Amino acid sequence: MNSFISHLCPACEKNVLTYGHLEKDELILRCLDCDVIIAEKEEKSLFSPDELQKMGYHFGIKDDSGKKGCRDGACGIRQP
């Protein structure tokens with residue numbers, strides 16, 4: 001089973017995905033949502049991809065098949 005580690009972000013006040021950032025040869029964990037530094041003592045949880053999608057994270061290629069802007073007719077005004 002695939003799972004992703006998340007940490008409790010003190011700024012977002014929720015479980016978030018984190019990413020590692022090297023600063024002076026030290027790995028620092030940061031919140032994927034707000035970029036705040038996550039202390040190693042913060043609570044860790046494991047989530048499945050389905051659980052993360054319910055939390056608002058999305059995986060894969062973004063579906064751009066729909067109309068997006070005025071040029072595509074989304075605003076109702078026809079462009080030349």
# chains A, B, ... in the order shown; residues from 1 in each chain; ligands from 1
>>> residues_around(residues="segment 48-58 of chain A", least_positions_apart="6", cutoff="12 Å", atoms="only C-alpha atoms", output="JSON, numbers by chain")
{"A": [1, 2, 3, 4, 5, 6, 14, 15, 16, 17, 32, 33]}
>>> write_last_selection(atoms="C-alpha atoms", output="compact mmCIF listing (two decimals), in the first residue's frame")
# COMPACT_ATOMS: atom_id res chain seq x y z
CA MET A 1 0.00 0.00 0.00
CA ASN A 2 1.31 3.45 -0.89
CA SER A 3 1.27 6.00 1.88
CA PHE A 4 2.53 9.52 2.39
CA ILE A 5 3.97 11.00 5.56
CA SER A 6 2.35 14.18 6.76
CA LYS A 14 -3.78 20.74 10.26
CA ASN A 15 -1.93 17.72 8.85
CA VAL A 16 -0.07 18.68 5.69
CA LEU A 17 2.39 17.13 3.28
CA LEU A 32 3.88 22.16 1.35
CA ASP A 33 0.95 24.58 1.86
>>> atom_distance(atom1="atom CA of Lys24 of chain A", atom2="atom CA of Leu46 of chain A")
28.4 Å
>>> select_by_dssp(residues="segment 7-55 of chain A", states="helix (DSSP H, G or I)", output="PyMOL selection string")
chain A and resi 49-54
>>> atom_distance(atom1="atom CA of Ala11 of chain A", atom2="atom CA of Leu27 of chain A")
19.8 Å
